[in-house]
file target_20.cif (mmCIF, C-alpha atoms)
data_protein
#
loop_
_atom_site.label_atom_id
_atom_site.label_comp_id
_atom_site.auth_asym_id
_atom_site.auth_seq_id
_atom_site.Cartn_x
_atom_site.Cartn_y
_atom_site.Cartn_z
CA MET A 1 24.21 -56.57 -14.93
CA ILE A 2 24.32 -52.99 -13.68
CA GLU A 3 25.12 -51.85 -17.20
CA PHE A 4 22.10 -53.69 -18.51
CA ILE A 5 19.83 -52.18 -15.87
CA LYS A 6 21.05 -48.70 -16.71
CA GLN A 7 20.18 -49.01 -20.39
CA PRO A 8 16.61 -48.46 -21.56
CA TRP A 9 14.75 -51.76 -21.26
CA PRO A 10 13.38 -53.42 -24.39
CA TRP A 11 9.66 -54.07 -24.78
CA TYR A 12 9.98 -57.80 -24.16
CA VAL A 13 11.32 -57.11 -20.69
CA ALA A 14 8.97 -54.26 -19.76
CA GLY A 15 5.76 -55.71 -21.19
CA PRO A 16 5.82 -59.01 -19.28
CA LEU A 17 6.79 -57.19 -16.06
CA ILE A 18 3.78 -54.88 -16.49
CA GLY A 19 1.61 -57.90 -17.27
CA LEU A 20 2.76 -59.62 -14.07
CA THR A 21 1.30 -56.72 -12.10
CA VAL A 22 -2.13 -58.23 -12.85
CA PRO A 23 -1.63 -61.52 -10.92
CA LEU A 24 0.55 -59.81 -8.32
CA LEU A 25 -2.22 -57.40 -7.27
CA LEU A 26 -4.81 -60.17 -7.36
CA ILE A 27 -2.75 -62.52 -5.22
CA LEU A 28 -1.61 -59.84 -2.79
CA GLY A 29 -5.15 -58.80 -1.94
CA ASN A 30 -7.77 -59.33 -4.63
CA LYS A 31 -7.10 -56.00 -6.31
CA SER A 32 -7.96 -55.45 -9.96
CA PHE A 33 -5.18 -53.61 -11.75
CA GLY A 34 -6.37 -50.12 -12.59
CA ILE A 35 -4.93 -46.66 -12.18
CA SER A 36 -7.46 -44.07 -13.30
CA SER A 37 -9.75 -44.98 -10.36
CA SER A 38 -7.20 -43.20 -8.17
CA LEU A 39 -8.35 -39.91 -9.69
CA ARG A 40 -11.91 -40.71 -8.62
CA HIS A 41 -10.77 -41.55 -5.10
CA ILE A 42 -8.94 -38.22 -4.93
CA CYS A 43 -12.20 -36.47 -5.90
CA ALA A 44 -14.15 -38.47 -3.34
CA ALA A 45 -11.61 -37.70 -0.63
CA CYS A 46 -11.06 -34.02 -1.37
CA MET A 47 -14.16 -32.63 -3.03
CA PRO A 48 -17.17 -34.98 -3.12
CA ALA A 49 -19.50 -31.93 -3.27
CA ASN A 50 -22.52 -34.13 -2.61
CA ILE A 51 -22.22 -35.69 -6.06
CA PRO A 52 -23.54 -39.28 -5.90
CA PHE A 53 -20.64 -40.55 -8.01
CA PHE A 54 -18.22 -39.46 -5.28
CA LYS A 55 -20.27 -40.54 -2.29
CA TYR A 56 -18.68 -43.83 -1.33
CA ASP A 57 -16.16 -44.92 1.23
CA TRP A 58 -12.95 -44.09 -0.62
CA LYS A 59 -10.93 -45.29 2.37
CA LYS A 60 -11.79 -48.84 1.36
CA GLU A 61 -10.00 -48.19 -1.91
CA VAL A 62 -7.00 -46.50 -0.35
CA TRP A 63 -4.68 -49.26 -1.64
CA ASN A 64 -5.03 -47.61 -5.04
CA LEU A 65 -3.64 -44.34 -3.69
CA PHE A 66 -0.71 -46.23 -2.14
CA PHE A 67 -0.14 -47.83 -5.54
CA VAL A 68 -0.03 -44.53 -7.48
CA THR A 69 2.13 -42.94 -4.79
CA GLY A 70 4.48 -45.85 -5.41
CA ILE A 71 4.50 -45.10 -9.14
CA PHE A 72 5.53 -41.53 -8.33
CA VAL A 73 8.29 -42.78 -6.00
CA GLY A 74 9.34 -45.28 -8.68
CA GLY A 75 9.88 -42.34 -11.04
CA VAL A 76 12.08 -40.63 -8.45
CA VAL A 77 14.06 -43.82 -7.76
CA ALA A 78 14.58 -44.62 -11.44
CA VAL A 79 16.03 -41.26 -12.42
CA HIS A 80 18.34 -41.11 -9.41
CA LEU A 81 19.55 -44.69 -9.09
CA VAL A 82 19.37 -46.22 -12.54
CA PRO A 83 18.98 -43.33 -15.00
CA ASN A 84 18.73 -43.79 -18.75
CA THR A 85 21.91 -41.94 -19.60
CA ASP A 86 21.45 -41.20 -23.30
CA PRO A 87 18.71 -39.11 -24.92
CA ILE A 88 15.82 -41.11 -26.36
CA VAL A 89 16.41 -42.34 -29.90
CA ILE A 90 13.26 -41.82 -31.93
CA ASN A 91 12.13 -42.56 -35.44
CA PRO A 92 13.90 -40.12 -37.82
CA ASP A 93 10.58 -39.19 -39.45
CA LEU A 94 9.20 -38.12 -36.09
CA ALA A 95 12.40 -36.26 -35.23
CA GLU A 96 12.15 -34.33 -38.49
CA GLU A 97 8.48 -33.52 -37.94
CA LEU A 98 9.03 -32.38 -34.35
CA GLY A 99 12.11 -30.41 -35.35
CA GLY A 100 9.83 -28.35 -37.58
CA TYR A 101 7.94 -27.31 -34.45
CA GLY A 102 11.11 -26.44 -32.56
CA ILE A 103 11.17 -29.65 -30.51
CA ASN A 104 14.78 -30.81 -30.41
CA ASN A 105 15.45 -31.72 -26.80
CA TYR A 106 15.18 -35.45 -26.16
CA THR A 107 16.96 -35.56 -22.81
CA ASN A 108 13.73 -35.77 -20.86
CA LEU A 109 10.75 -38.12 -21.00
CA VAL A 110 8.51 -35.15 -21.69
CA PRO A 111 9.35 -32.69 -24.49
CA ILE A 112 10.71 -29.91 -22.30
CA ASP A 113 10.85 -27.50 -25.25
CA ILE A 114 7.05 -27.31 -25.12
CA MET A 115 6.17 -28.68 -21.69
CA ASN A 116 7.59 -26.49 -18.94
CA TRP A 117 6.34 -23.90 -16.44
CA GLU A 118 6.82 -21.02 -18.90
CA THR A 119 4.94 -22.63 -21.80
CA LEU A 120 2.11 -23.61 -19.45
CA PHE A 121 0.88 -20.04 -19.81
CA THR A 122 0.98 -20.07 -23.62
CA LEU A 123 -1.95 -21.31 -25.70
CA LYS A 124 0.04 -24.31 -26.97
CA GLY A 125 1.22 -25.33 -23.51
CA PHE A 126 -2.24 -24.82 -22.02
CA ILE A 127 -3.83 -27.08 -24.63
CA LEU A 128 -1.16 -29.78 -24.29
CA MET A 129 -1.02 -29.91 -20.52
CA VAL A 130 -4.26 -28.50 -19.10
CA ILE A 131 -6.82 -29.44 -21.77
CA GLY A 132 -4.96 -32.69 -22.43
CA GLY A 133 -5.01 -33.60 -18.74
CA PHE A 134 -8.69 -32.72 -18.48
CA PHE A 135 -9.48 -35.03 -21.42
CA VAL A 136 -7.48 -37.82 -19.80
CA GLY A 137 -9.38 -37.50 -16.52
CA PHE A 138 -12.81 -37.00 -18.06
CA GLY A 139 -12.37 -39.64 -20.76
CA THR A 140 -10.95 -42.40 -18.58
CA ARG A 141 -13.74 -42.09 -16.05
CA TYR A 142 -16.42 -41.87 -18.73
CA ALA A 143 -14.92 -44.99 -20.33
CA GLY A 144 -14.69 -46.68 -16.93
CA GLY A 145 -10.95 -47.23 -17.06
CA CYS A 146 -7.69 -46.45 -18.79
CA THR A 147 -4.89 -48.39 -20.41
CA SER A 148 -4.34 -50.39 -17.24
CA GLY A 149 -7.94 -51.12 -16.27
CA HIS A 150 -9.31 -51.78 -19.75
CA ALA A 151 -6.43 -52.57 -22.12
CA ILE A 152 -4.42 -54.70 -19.69
CA MET A 153 -6.72 -55.93 -16.88
CA GLY A 154 -9.92 -56.00 -18.96
CA LEU A 155 -8.37 -57.76 -21.96
CA SER A 156 -6.52 -60.18 -19.66
CA ASN A 157 -9.92 -61.16 -18.27
CA LEU A 158 -11.36 -61.42 -21.82
CA GLN A 159 -13.89 -58.63 -21.35
CA TRP A 160 -15.17 -57.51 -24.73
CA PRO A 161 -16.30 -54.04 -23.49
CA SER A 162 -12.64 -53.46 -22.64
CA LEU A 163 -11.73 -54.25 -26.23
CA VAL A 164 -14.27 -51.66 -27.38
CA ALA A 165 -12.73 -49.15 -24.98
CA THR A 166 -9.16 -49.97 -26.06
CA ILE A 167 -10.03 -49.54 -29.74
CA SER A 168 -11.69 -46.21 -28.90
CA PHE A 169 -8.54 -45.06 -27.04
CA MET A 170 -6.44 -45.87 -30.09
CA VAL A 171 -8.84 -44.21 -32.56
CA GLY A 172 -8.87 -41.04 -30.43
CA GLY A 173 -5.08 -41.08 -30.22
CA PHE A 174 -4.60 -41.58 -33.96
CA ILE A 175 -6.99 -38.73 -34.73
CA MET A 176 -5.26 -36.37 -32.34
CA ALA A 177 -1.65 -37.26 -33.21
CA ASN A 178 -2.11 -37.22 -36.99
CA LEU A 179 -4.91 -34.78 -37.69
CA ILE A 180 -5.16 -32.26 -34.84
CA LEU A 181 -1.81 -32.15 -33.03
CA PRO A 182 0.08 -30.68 -36.05
CA PHE A 183 -2.11 -27.56 -35.79
CA ILE A 184 -1.61 -27.31 -32.04
CA LEU A 185 2.17 -27.71 -32.31
CA SER A 186 2.23 -24.99 -34.98
CA LEU A 187 0.70 -22.45 -32.57
CA MET B 188 -14.47 -52.68 -9.16
CA LEU B 189 -15.66 -49.15 -8.79
CA LYS B 190 -14.92 -48.23 -12.36
CA ASN B 191 -17.53 -50.69 -13.45
CA ILE B 192 -20.25 -49.17 -11.36
CA ASP B 193 -23.78 -49.15 -12.67
CA ILE B 194 -25.20 -46.14 -14.42
CA LYS B 195 -27.77 -45.25 -11.81
CA PRO B 196 -25.95 -43.86 -8.83
CA GLN B 197 -28.86 -44.35 -6.44
CA ARG B 198 -28.21 -48.08 -6.43
CA LYS B 199 -25.88 -48.90 -3.60
CA ASN B 200 -23.20 -50.36 -5.81
CA SER B 201 -20.16 -48.99 -4.17
CA THR B 202 -20.89 -50.69 -0.89
CA GLU B 203 -21.77 -53.99 -2.54
CA GLN B 204 -18.67 -54.00 -4.64
CA CYS B 205 -16.30 -53.58 -1.76
CA ILE B 206 -17.61 -56.40 0.36
CA HIS B 207 -14.79 -58.75 -0.42
CA GLU B 208 -12.18 -56.34 0.83
CA ARG B 209 -13.42 -55.91 4.35
CA SER B 210 -11.06 -57.53 6.80
CA PHE B 211 -7.62 -56.33 5.80
CA GLN B 212 -8.55 -52.86 4.75
CA TYR B 213 -7.81 -50.72 7.72
CA LYS B 214 -4.43 -52.05 8.72
CA PRO B 215 -2.11 -49.45 7.23
CA TYR B 216 0.88 -51.78 6.90
CA ASN B 217 -1.18 -54.00 4.63
CA ASN B 218 -1.30 -51.20 2.10
CA LEU B 219 2.47 -50.77 2.09
CA LYS B 220 2.80 -53.76 -0.22
CA TYR B 221 0.90 -51.80 -2.87
CA LEU B 222 3.34 -48.95 -2.41
CA VAL B 223 6.17 -51.39 -3.13
CA VAL B 224 4.43 -52.81 -6.22
CA GLY B 225 3.84 -49.22 -7.37
CA ILE B 226 7.53 -48.37 -6.96
CA LEU B 227 8.62 -51.37 -9.04
CA PHE B 228 5.99 -50.54 -11.61
CA GLY B 229 7.11 -46.90 -11.78
CA ILE B 230 10.72 -47.98 -12.33
CA VAL B 231 9.66 -50.19 -15.26
CA PHE B 232 7.70 -47.23 -16.68
CA VAL B 233 10.78 -45.03 -16.68
CA LYS B 234 13.33 -47.64 -17.75
CA ALA B 235 11.26 -48.82 -20.72
CA GLU B 236 10.40 -45.25 -21.74
CA VAL B 237 6.73 -46.19 -21.58
CA ILE B 238 6.05 -42.79 -20.03
CA SER B 239 7.86 -40.93 -22.81
CA TRP B 240 5.77 -38.44 -24.77
CA PHE B 241 7.93 -39.29 -27.78
CA ARG B 242 7.19 -43.03 -27.59
CA ILE B 243 3.45 -42.30 -27.48
CA GLN B 244 3.76 -40.06 -30.54
CA GLU B 245 5.62 -42.85 -32.39
CA MET B 246 2.88 -45.30 -31.40
CA PHE B 247 0.10 -43.14 -32.81
CA ARG B 248 2.06 -42.61 -36.04
CA LEU B 249 2.92 -46.32 -36.42
CA GLN B 250 6.59 -45.33 -36.40
CA SER B 251 7.77 -47.80 -33.78
CA PHE B 252 6.84 -51.23 -32.50
CA HIS B 253 7.98 -50.46 -28.94
CA MET B 254 4.66 -49.52 -27.30
CA TYR B 255 2.74 -52.21 -29.20
CA GLY B 256 5.27 -54.74 -27.97
CA VAL B 257 4.98 -53.49 -24.38
CA ILE B 258 1.17 -53.43 -24.27
CA GLY B 259 0.80 -56.61 -26.35
CA SER B 260 3.17 -58.68 -24.23
CA ALA B 261 1.67 -57.23 -21.03
CA VAL B 262 -1.80 -58.32 -22.15
CA LEU B 263 -0.52 -61.77 -23.13
CA VAL B 264 1.18 -62.31 -19.77
CA GLY B 265 -1.91 -60.94 -17.99
CA MET B 266 -4.20 -63.30 -19.94
CA ILE B 267 -2.08 -66.35 -19.17
CA SER B 268 -1.92 -65.32 -15.49
CA VAL B 269 -5.69 -64.87 -15.21
CA PHE B 270 -6.21 -68.21 -16.96
CA ILE B 271 -3.87 -69.96 -14.51
CA ILE B 272 -5.51 -68.30 -11.49
CA LYS B 273 -8.97 -69.41 -12.65
CA LYS B 274 -7.88 -72.88 -13.76
CA PHE B 275 -6.07 -73.77 -10.53
CA ASN B 276 -8.34 -71.71 -8.31
CA ILE B 277 -5.38 -69.87 -6.83
CA LYS B 278 -6.16 -67.95 -3.62
CA THR B 279 -4.82 -64.65 -2.31
CA ILE B 280 -2.03 -64.67 0.26
CA HIS B 281 -4.79 -64.23 2.86
CA GLY B 282 -6.52 -67.37 1.60
CA GLU B 283 -9.43 -65.58 -0.03
CA LYS B 284 -10.94 -66.60 -3.34
CA ILE B 285 -9.82 -64.29 -6.14
CA VAL B 286 -12.72 -62.30 -7.55
CA PHE B 287 -12.94 -61.12 -11.15
CA ASN B 288 -15.27 -58.30 -12.05
CA SER B 289 -16.89 -58.42 -15.44
CA LYS B 290 -17.25 -55.18 -17.37
CA LYS B 291 -20.66 -54.21 -18.65
CA PHE B 292 -20.83 -52.49 -21.97
CA ASN B 293 -22.09 -48.93 -22.15
CA LYS B 294 -21.63 -46.17 -24.70
CA GLY B 295 -19.24 -44.41 -22.34
CA GLN B 296 -16.56 -46.87 -23.36
CA ILE B 297 -16.77 -45.42 -26.87
CA TYR B 298 -17.34 -41.71 -26.13
CA GLY B 299 -15.11 -41.64 -23.09
CA GLY B 300 -12.56 -43.82 -24.82
CA LEU B 301 -12.31 -41.42 -27.75
CA ILE B 302 -11.94 -38.44 -25.41
CA PHE B 303 -9.24 -40.20 -23.42
CA GLY B 304 -7.48 -41.09 -26.69
CA LEU B 305 -7.40 -37.42 -27.69
CA GLY B 306 -5.94 -36.53 -24.29
CA TRP B 307 -3.45 -39.41 -24.40
CA ALA B 308 -1.92 -38.13 -27.64
CA LEU B 309 -1.82 -34.54 -26.30
CA THR B 310 -0.22 -35.27 -22.94
CA GLY B 311 1.68 -38.36 -24.07
CA ALA B 312 0.52 -40.05 -20.90
CA CYS B 313 -2.28 -42.07 -19.40
CA PRO B 314 -3.00 -41.61 -15.70
CA GLY B 315 -0.24 -43.94 -14.43
CA PRO B 316 2.58 -42.32 -16.38
CA LEU B 317 1.50 -38.87 -15.12
CA PHE B 318 2.51 -39.90 -11.59
CA ALA B 319 5.82 -41.34 -12.81
CA GLN B 320 6.63 -38.31 -14.99
CA ILE B 321 6.25 -36.02 -11.99
CA GLY B 322 8.57 -38.36 -10.08
CA THR B 323 11.24 -38.03 -12.76
CA GLY B 324 11.31 -34.29 -12.11
CA ALA B 325 8.86 -32.97 -14.70
CA THR B 326 7.12 -30.93 -12.01
CA VAL B 327 4.88 -29.05 -14.45
CA ILE B 328 3.05 -32.33 -15.11
CA SER B 329 1.52 -31.94 -11.65
CA ILE B 330 -0.72 -29.36 -13.36
CA THR B 331 -1.69 -31.98 -15.95
CA LEU B 332 -2.49 -34.39 -13.11
CA LEU B 333 -4.58 -31.77 -11.29
CA SER B 334 -6.40 -31.10 -14.52
CA ALA B 335 -7.06 -34.83 -14.90
CA VAL B 336 -8.54 -34.86 -11.39
CA ALA B 337 -10.69 -31.89 -12.42
CA GLY B 338 -11.79 -33.79 -15.53
CA THR B 339 -12.77 -36.79 -13.43
CA TRP B 340 -14.70 -34.51 -11.08
CA PHE B 341 -16.47 -32.86 -13.99
CA TYR B 342 -17.48 -36.30 -15.29
CA GLY B 343 -19.00 -37.12 -11.90
CA PHE B 344 -20.80 -33.78 -11.95
CA LEU B 345 -22.25 -34.30 -15.45
CA ARG B 346 -22.76 -38.04 -15.21
CA ASP B 347 -26.56 -38.16 -15.22
CA LYS B 348 -26.77 -35.95 -18.30
CA LEU B 349 -24.28 -37.91 -20.39
CA PRO B 350 -25.28 -40.74 -22.75
CA HIS B 351 -24.24 -44.14 -21.46
#

call {"tool": "encode", "arguments": {"input": "target_20.cif", "output": "structure tokens"}}
result
Amino acid sequence: MIEFIKQPWPWYVAGPLIGLTVPLLLILGNKSFGISSSLRHICAACMPANIPFFKYDWKKEVWNLFFVTGIFVGGVVAVHLVPNTDPIVINPDLAEELGGYGINNYTNLVPIDIMNWETLFTLKGFILMVIGGFFVGFGTRYAGGCTSGHAIMGLSNLQWPSLVATISFMVGGFIMANLILPFILSL
Amino acid sequence: MLKNIDIKPQRKNSTEQCIHERSFQYKPYNNLKYLVVGILFGIVFVKAEVISWFRIQEMFRLQSFHMYGVIGSAVLVGMISVFIIKKFNIKTIHGEKIVFNSKKFNKGQIYGGLIFGLGWALTGACPGPLFAQIGTGATVISITLLSAVAGTWFYGFLRDKLPH
């Protein structure tokens, strides 16, 4: 059992567990699964700046901040108590492509060859981490949700605007990964 | 939910939308259960490599079924759960009726969705995984998270001028 827990979990274990978060949050307190809203609550709590979009009682939504704090703690717990011991095994085509950009270290969940405190101050690192993060925050709020709120909660509740959003996420991702990212990784 | 708020901010949506959460909101221990759910969720994220930059790159290159399996089965289980809750009128543990918010279409779901997609493939993470990645010790991702907060703020700042 312990051995099984320590190995990376297959999709058919992880997916249903993530899906069960939807009814769990609803039954525990009528909460709609969604994570990107936490970023809005942080803005409302720390820097509302008189912007109407941030003028609401974020304290009523504080459960969401508890939830994302939990996700952070979950990351800490997982790496210390039940770590994935072996480096990630990826598709050989991807490994070859990334190798061409000097990315060979698979021991971490992020590619530490290009995502670390030193590369943050290079053009490549700045685009990947700072611009990328900005797009994630701007885009999710503009779209009214992220993978959790639209793709999982929205589709679970058969909301067609969430399907539009999910397709848009995927189109954006395909464009970046296949057409733009190769130039950025070559920098 | 807040994310589904109407386009015109002068309408008092945010207060209306939170009405159903009144009574249990300010007891701090009631929020601890969400911390626990978050912890379990974060562990799944790490153990299934859902928060791996490499798995996201594979997904966007159609080189692996893993992420499609995770998201697909999550949606399926979520759909069945929502169906059961509606069908049998299941209540919350506090005995309240479970409320579902419908999403209204606006062009933001396309424009914003595309922008998020670009960012997703760059960072290899959506907002949830950012928190978990920092937890696993990738401390530099806290800058990515801060930048995501800045992006959200900038959206709020520009909101009235953007097409919706």

call {"tool": "residues_around", "arguments": {"input": "target_20.cif", "residues": "Ser334 of chain B", "least_positions_apart": "3", "cutoff": "7 Å", "atoms": "only C-alpha atoms", "output": "list in words"}}
result
Val130, Gly133 and Phe134 of chain A; Ile330, Thr331, Ala337 and Gly338 of chain B

call {"tool": "write_last_selection", "arguments": {"input": "target_20.cif", "atoms": "C-alpha atoms", "output": "PDB file, in the frame of the given file"}}
result
ATOM      1  CA  VAL A 130      -4.260 -28.500 -19.100  1.00  0.00           C
ATOM      2  CA  GLY A 133      -5.010 -33.600 -18.740  1.00  0.00           C
ATOM      3  CA  PHE A 134      -8.690 -32.720 -18.480  1.00  0.00           C
TER       4      PHE A 134
ATOM      5  CA  ILE B 330      -0.720 -29.360 -13.360  1.00  0.00           C
ATOM      6  CA  THR B 331      -1.690 -31.980 -15.950  1.00  0.00           C
ATOM      7  CA  ALA B 337     -10.690 -31.890 -12.420  1.00  0.00           C
ATOM      8  CA  GLY B 338     -11.790 -33.790 -15.530  1.00  0.00           C
TER       9      GLY B 338
END

call {"tool": "resolve_selection", "arguments": {"input": "target_20.cif", "expression": "the PyMOL selection byres ((chain B) within 6 of (chain A))", "output": "MDAnalysis selection string"}}
result
chainID B and resid 190 196 218 221:222 225:226 229:230 234:235 239:240 247 253 256:258 260:262 264:266 268 279:280 285 292 295:297 299:306 308:310 314:315 318:319 322:323 327 331 334:336 338:339 342:343

call {"tool": "atom_distance", "arguments": {"input": "target_20.cif", "atom1": "atom CA of Gly324 of chain B", "atom2": "atom CA of Ile238 of chain B"}}
result
12.8 Å

call {"tool": "atom_distance", "arguments": {"input": "target_20.cif", "atom1": "atom CA of Pro316 of chain B", "atom2": "atom CA of Ser329 of chain B"}}
result
11.5 Å

call {"tool": "closest_residue", "arguments": {"input": "target_20.cif", "among": "A:Cys46, A:Ile103, A:Ile2, A:Asp86", "to": "Ser186 of chain A", "atoms": "only C-alpha atoms"}}
result
A:Ile103

call {"tool": "atom_distance", "arguments": {"input": "target_20.cif", "atom1": "atom CA of Ile328 of chain B", "atom2": "atom CA of Ile114 of chain A"}}
result
11.9 Å

call {"tool": "axis_aligned_box", "arguments": {"input": "target_20.cif", "around": "segment 147-166 of chain A", "padding_each_side": "6 Å", "output": "JSON"}}
result
{"center_x": -10.3, "center_y": -54.9, "center_z": -21.8, "size_x": 24.0, "size_y": 25.0, "size_z": 23.1}

call {"tool": "closest_residue", "arguments": {"input": "target_20.cif", "among": "B:Phe232, B:Phe341, B:Phe275, B:Phe270", "to": "Met254 of chain B", "atoms": "all atoms listed in the file"}}
result
B:Phe232

call {"tool": "closest_residue", "arguments": {"input": "target_20.cif", "among": "A:Glu97, A:Asn105, A:Lys124, A:Ala45", "to": "Gln244 of chain B", "atoms": "all atoms listed in the file"}}
result
A:Glu97

call {"tool": "build_atoms", "arguments": {"input": "target_20.cif", "residues": "segment 265-284 of chain B", "atoms": "N, CA and C atoms", "output": "mmCIF file, in the frame of the given file"}}
result
data_model
loop_
_atom_site.group_PDB
_atom_site.id
_atom_site.type_symbol
_atom_site.label_atom_id
_atom_site.label_comp_id
_atom_site.auth_asym_id
_atom_site.auth_seq_id
_atom_site.Cartn_x
_atom_site.Cartn_y
_atom_site.Cartn_z
ATOM 1 N N GLY B 265 -0.739 -61.105 -18.860
ATOM 2 C CA GLY B 265 -1.910 -60.940 -17.990
ATOM 3 C C GLY B 265 -2.959 -62.010 -18.262
ATOM 4 N N MET B 266 -3.215 -62.276 -19.561
ATOM 5 C CA MET B 266 -4.200 -63.300 -19.940
ATOM 6 C C MET B 266 -3.815 -64.671 -19.409
ATOM 7 N N ILE B 267 -2.554 -65.031 -19.628
ATOM 8 C CA ILE B 267 -2.080 -66.350 -19.170
ATOM 9 C C ILE B 267 -2.207 -66.428 -17.643
ATOM 10 N N SER B 268 -1.860 -65.331 -16.959
ATOM 11 C CA SER B 268 -1.920 -65.320 -15.490
ATOM 12 C C SER B 268 -3.359 -65.509 -15.005
ATOM 13 N N VAL B 269 -4.287 -64.764 -15.628
ATOM 14 C CA VAL B 269 -5.690 -64.870 -15.210
ATOM 15 C C VAL B 269 -6.211 -66.284 -15.479
ATOM 16 N N PHE B 270 -5.802 -66.846 -16.629
ATOM 17 C CA PHE B 270 -6.210 -68.210 -16.960
ATOM 18 C C PHE B 270 -5.711 -69.186 -15.898
ATOM 19 N N ILE B 271 -4.455 -69.045 -15.511
ATOM 20 C CA ILE B 271 -3.870 -69.960 -14.510
ATOM 21 C C ILE B 271 -4.580 -69.796 -13.161
ATOM 22 N N ILE B 272 -4.842 -68.546 -12.780
ATOM 23 C CA ILE B 272 -5.510 -68.300 -11.490
ATOM 24 C C ILE B 272 -6.893 -68.958 -11.476
ATOM 25 N N LYS B 273 -7.629 -68.820 -12.592
ATOM 26 C CA LYS B 273 -8.970 -69.410 -12.650
ATOM 27 C C LYS B 273 -8.890 -70.939 -12.702
ATOM 28 N N LYS B 274 -7.996 -71.437 -13.528
ATOM 29 C CA LYS B 274 -7.880 -72.880 -13.760
ATOM 30 C C LYS B 274 -7.517 -73.613 -12.470
ATOM 31 N N PHE B 275 -6.544 -73.075 -11.736
ATOM 32 C CA PHE B 275 -6.070 -73.770 -10.530
ATOM 33 C C PHE B 275 -6.649 -73.169 -9.253
ATOM 34 N N ASN B 276 -7.638 -72.277 -9.456
ATOM 35 C CA ASN B 276 -8.340 -71.710 -8.310
ATOM 36 C C ASN B 276 -7.371 -71.162 -7.256
ATOM 37 N N ILE B 277 -6.410 -70.404 -7.712
ATOM 38 C CA ILE B 277 -5.380 -69.870 -6.830
ATOM 39 C C ILE B 277 -5.998 -68.817 -5.898
ATOM 40 N N LYS B 278 -5.614 -68.849 -4.633
ATOM 41 C CA LYS B 278 -6.160 -67.950 -3.620
ATOM 42 C C LYS B 278 -5.211 -66.773 -3.380
ATOM 43 N N THR B 279 -5.701 -65.750 -2.693
ATOM 44 C CA THR B 279 -4.820 -64.650 -2.310
ATOM 45 C C THR B 279 -3.905 -65.127 -1.178
ATOM 46 N N ILE B 280 -2.927 -64.298 -0.839
ATOM 47 C CA ILE B 280 -2.030 -64.670 0.260
ATOM 48 C C ILE B 280 -2.776 -64.749 1.587
ATOM 49 N N HIS B 281 -3.979 -64.148 1.642
ATOM 50 C CA HIS B 281 -4.790 -64.230 2.860
ATOM 51 C C HIS B 281 -5.758 -65.404 2.796
ATOM 52 N N GLY B 282 -5.668 -66.185 1.726
ATOM 53 C CA GLY B 282 -6.520 -67.370 1.600
ATOM 54 C C GLY B 282 -7.902 -67.095 1.043
ATOM 55 N N GLU B 283 -8.114 -65.886 0.531
ATOM 56 C CA GLU B 283 -9.430 -65.580 -0.030
ATOM 57 C C GLU B 283 -9.517 -66.034 -1.489
ATOM 58 N N LYS B 284 -10.732 -66.294 -1.937
ATOM 59 C CA LYS B 284 -10.940 -66.600 -3.340
ATOM 60 C C LYS B 284 -10.725 -65.329 -4.165
#
